[in-house]
Amino acid sequence: MKPRFIGLMSGTSMDGVDVALVEFDNDIPKLIGCHSHPITEPLLSHLHQLADPSFDSINQLGRMDRAVGQLFAEATNTLLAELGIAANSITAIGSHGQTVRHFPEGKQGFSIQIGDPNTIAVNTGIDVVHDFRSKDIALGGQGAPLVPAFHHILTSPKCEDDVNVILNIGGIANISYLTKDQIIGFDTGPGNALMDAWCRRTLKKPYDENGALAARGKVLPALLDKLKQHPYFAMPYPKSTGRELFNLAWLEQHLEHFANEPPENIQATLCQLTADTISDAISWLSPKGNLYVCGGGALNPVLIDAIAKDLPDYKVQSSSALGVDPQWMEAMAFAWFAKCHIERQPGNVVQVTGASRPAVLGSFTPHS
């Protein structure tokens with residue numbers, strides 16, 4: 001039987017735990033089964049608190065580390081039960097964890113993902129590979145984005161002389177720019193994070209379903225220009241970011257002169273901010289090519305239309321065209337990273353993260 005790995009992913013949007021069971025023929029992935037596991041409202045509330053840059057509680061961190069580990073194990077066991085597949089047929093789980101802090105710069109840079117691997121291993125009976133970012137950061141890198149290495153595997157048969165870009169729109173958006181001779185990747189800035197935060201504040205809903213709120217509004221050019229002045233957007237790569245920079249508190253600093261605007265106009269502007277900063281980064285690399293979109297933002301037609309208008313010379317399509325459903329791309333990637341770890345293969349791309357050398361990523365926690 002070909003080796004099978006499970007990938008576990010909960011992104012910045014915290015909209016659920018994605019579980020992907022992937023079978024590999026050499027490096028070619030085949031999705032065997034997938035499952036999206038909900039995060040309960042009490043746990044979600046605690047995670048949002050913990051991810052707030054101003055929040056600081058070691059006790060809370062310890063409890064949530066265990067709670068997320070239990071959640072990830074439950075999600076894994078649910079998928080295996082649905083598929084009727086035994087745990088002992090899985091080589092390992094690759095668990096990204098839930099990011100609660102990402103400060104990779106400086107001599108003591110770090111990135112923290114919670115979801116205790118011991119809890120996952122014990123509760124599933126499967127070995128776990130985890131903590132994929134720390135080695136790259138120790139080598140002077142950003143520890144993110146990591147997925148361009150996996151994206152290169154998917155697009156290499158298609159590269160030839162084409163420019164292929166894979167855009168992942170989670171809470172933060174990141175791009176992988178892929179040609180026959182080059183791999184470039186970095187976080188472009190906010191993906192869904194600001195739009196989701198605005199929806200939680202104004203509608204008491206977790207996200208803007210189908211971009212309906214943004215579709216009813218009009219873009220506010222003055223606010224858009226102010227938001228685009230953030231220095232992150234002009235920084236050269238390698239670079240990565242998170243909710244530490246782009247959060248509701250940062251947005252509210254810019255809303256003083258827009259207090260009377262209806263919520264839909266703010267949402268339309270945030271949608272355009274995401275579209276413009278993504279498109280500016282892509283067009284700076286190449287004026288034309290193929291753009292494959294994955295992540296939760298791929299399901300927002302208003303956002304996708306705005307990106308397509310910004311990039312008229314790109315063929316914009318779902319990552320389904322590469323044989324990967326947009327919802328499962330990142331979970332599949334961390335199944336692949338677990339495989340790389342087990343096979344002692346480097347998982348980072350140094351020109352993407354800025355690390356001093358390629359390295360085997362992750363730490364190993366056996367279930368026994």
# chains A, B, ... in the order shown; residues from 1 in each chain; ligands from 1
call {"tool": "residues_around", "arguments": {"residues": "Phe110 (chain A)", "least_positions_apart": "2", "cutoff": "8 Å", "atoms": "only C-alpha atoms", "output": "PDB file with N, CA and C atoms, in the first residue's frame"}}
result
ATOM      1  N   ARG A 101       0.605  33.374  17.914  1.00  0.00           N
ATOM      2  CA  ARG A 101       1.558  34.477  17.813  1.00  0.00           C
ATOM      3  C   ARG A 101       2.521  34.186  16.671  1.00  0.00           C
ATOM      4  N   HIS A 102       2.876  35.248  15.938  1.00  0.00           N
ATOM      5  CA  HIS A 102       3.857  35.100  14.870  1.00  0.00           C
ATOM      6  C   HIS A 102       4.711  36.361  14.836  1.00  0.00           C
ATOM      7  N   PHE A 103       5.874  36.290  15.463  1.00  0.00           N
ATOM      8  CA  PHE A 103       6.848  37.376  15.493  1.00  0.00           C
ATOM      9  C   PHE A 103       8.212  36.811  15.095  1.00  0.00           C
ATOM     10  N   PRO A 104       8.445  36.538  13.819  1.00  0.00           N
ATOM     11  CA  PRO A 104       9.676  35.846  13.421  1.00  0.00           C
ATOM     12  C   PRO A 104      10.914  36.732  13.334  1.00  0.00           C
ATOM     13  N   GLU A 105      10.740  38.051  13.380  1.00  0.00           N
ATOM     14  CA  GLU A 105      11.887  38.930  13.180  1.00  0.00           C
ATOM     15  C   GLU A 105      12.737  39.042  14.440  1.00  0.00           C
ATOM     16  N   GLN A 108      15.505  36.932  18.727  1.00  0.00           N
ATOM     17  CA  GLN A 108      14.654  35.963  19.430  1.00  0.00           C
ATOM     18  C   GLN A 108      13.295  35.833  18.752  1.00  0.00           C
ATOM     19  N   ILE A 112       4.295  30.756  17.441  1.00  0.00           N
ATOM     20  CA  ILE A 112       3.689  29.781  18.349  1.00  0.00           C
ATOM     21  C   ILE A 112       2.414  29.219  17.745  1.00  0.00           C
ATOM     22  N   SER A 134       9.567  26.365  13.587  1.00  0.00           N
ATOM     23  CA  SER A 134      10.652  26.805  14.480  1.00  0.00           C
ATOM     24  C   SER A 134      12.045  26.586  13.906  1.00  0.00           C
ATOM     25  N   ILE A 137      12.878  29.353  11.487  1.00  0.00           N
ATOM     26  CA  ILE A 137      13.135  30.604  12.202  1.00  0.00           C
ATOM     27  C   ILE A 137      14.504  30.561  12.880  1.00  0.00           C
TER      28      ILE A 137
END
call {"tool": "select_by_dssp", "arguments": {"residues": "region 184-299 of chain A", "states": "strand (DSSP E or B)", "output": "list in words"}}
result
Ile184, Gly185, Phe186, Asp187, Thr188, Gly189, Pro190, Gly289, Asn290, Leu291, Tyr292, Val293 and Cys294 of chain A
call {"tool": "closest_atom_pairs", "arguments": {"of": "region 194-253 of chain A", "to": "region 350-358 of chain A", "cutoff": "8 Å", "atoms": "only C-alpha atoms", "output": "Markdown table"}}
result
| residue | atom | partner | partner_atom | distance |
| --- | --- | --- | --- | --- |
| A:Tyr237 | CA | A:Val352 | CA | 7.6 |
| A:Pro238 | CA | A:Thr353 | CA | 5.5 |
| A:Lys239 | CA | A:Thr353 | CA | 7.2 |
call {"tool": "atom_distance", "arguments": {"atom1": "CA of Asp280 (chain A)", "atom2": "CA of Asp310 (chain A)"}}
result
8.2 Å
call {"tool": "residues_around", "arguments": {"residues": "region 4-7 of chain A", "least_positions_apart": "6", "cutoff": "7 Å", "atoms": "only C-alpha atoms", "output": "MDAnalysis selection string"}}
result
chainID A and resid 19:24 90:95 331:335 339
call {"tool": "residues_around", "arguments": {"residues": "Asn247 (chain A)", "least_positions_apart": "5", "cutoff": "12 Å", "atoms": "only C-alpha atoms", "output": "count of residues only"}}
result
27
call {"tool": "residues_around", "arguments": {"residues": "region 228-231 of chain A", "least_positions_apart": "4", "cutoff": "9 Å", "atoms": "only C-alpha atoms", "output": "ChimeraX atom specification"}}
result
/A:223-224,235,273,276-277
call {"tool": "residues_around", "arguments": {"residues": "Asn77 (chain A)", "least_positions_apart": "6", "cutoff": "9 Å", "atoms": "only C-alpha atoms", "output": "JSON, numbers by chain"}}
result
{"A": [87, 123, 124]}
call {"tool": "select_by_dssp", "arguments": {"residues": "region 197-237 of chain A", "states": "alpha helix (DSSP H)", "output": "list in words"}}
result
Ala197, Trp198, Cys199, Arg200, Arg201, Thr202, Ala212, Leu213, Ala214, Ala215, Arg216, Pro221, Ala222, Leu223, Leu224, Asp225, Lys226 and Leu227 of chain A
call {"tool": "residues_around", "arguments": {"residues": "Glu74 (chain A)", "least_positions_apart": "4", "cutoff": "9 Å", "atoms": "only C-alpha atoms", "output": "VMD selection string"}}
result
chain A and resid 37 69 to 70 78 to 79 120 123 to 124
call {"tool": "atom_distance", "arguments": {"atom1": "CA of Arg344 (chain A)", "atom2": "CA of His152 (chain A)"}}
result
18.5 Å
call {"tool": "closest_residue", "arguments": {"among": "A:Trp336, A:Tyr292, A:Trp250, A:Phe258", "to": "Leu361 (chain A)", "atoms": "only C-alpha atoms"}}
result
A:Trp336
call {"tool": "closest_residue", "arguments": {"among": "A:Phe337, A:Leu220, A:Phe246, A:Asp27", "to": "Phe364 (chain A)", "atoms": "only C-alpha atoms"}}
result
A:Phe337
call {"tool": "atom_distance", "arguments": {"atom1": "CA of Asp305 (chain A)", "atom2": "CA of Lys180 (chain A)"}}
result
28.2 Å
call {"tool": "closest_residue", "arguments": {"among": "A:Val68, A:Cys199, A:Ala214, A:Ala144", "to": "Phe186 (chain A)", "atoms": "only C-alpha atoms"}}
result
A:Ala144
call {"tool": "closest_residue", "arguments": {"among": "A:Glu264, A:Asp116, A:Asp15, A:Asp181", "to": "Ala215 (chain A)", "atoms": "only C-alpha atoms"}}
result
A:Glu264
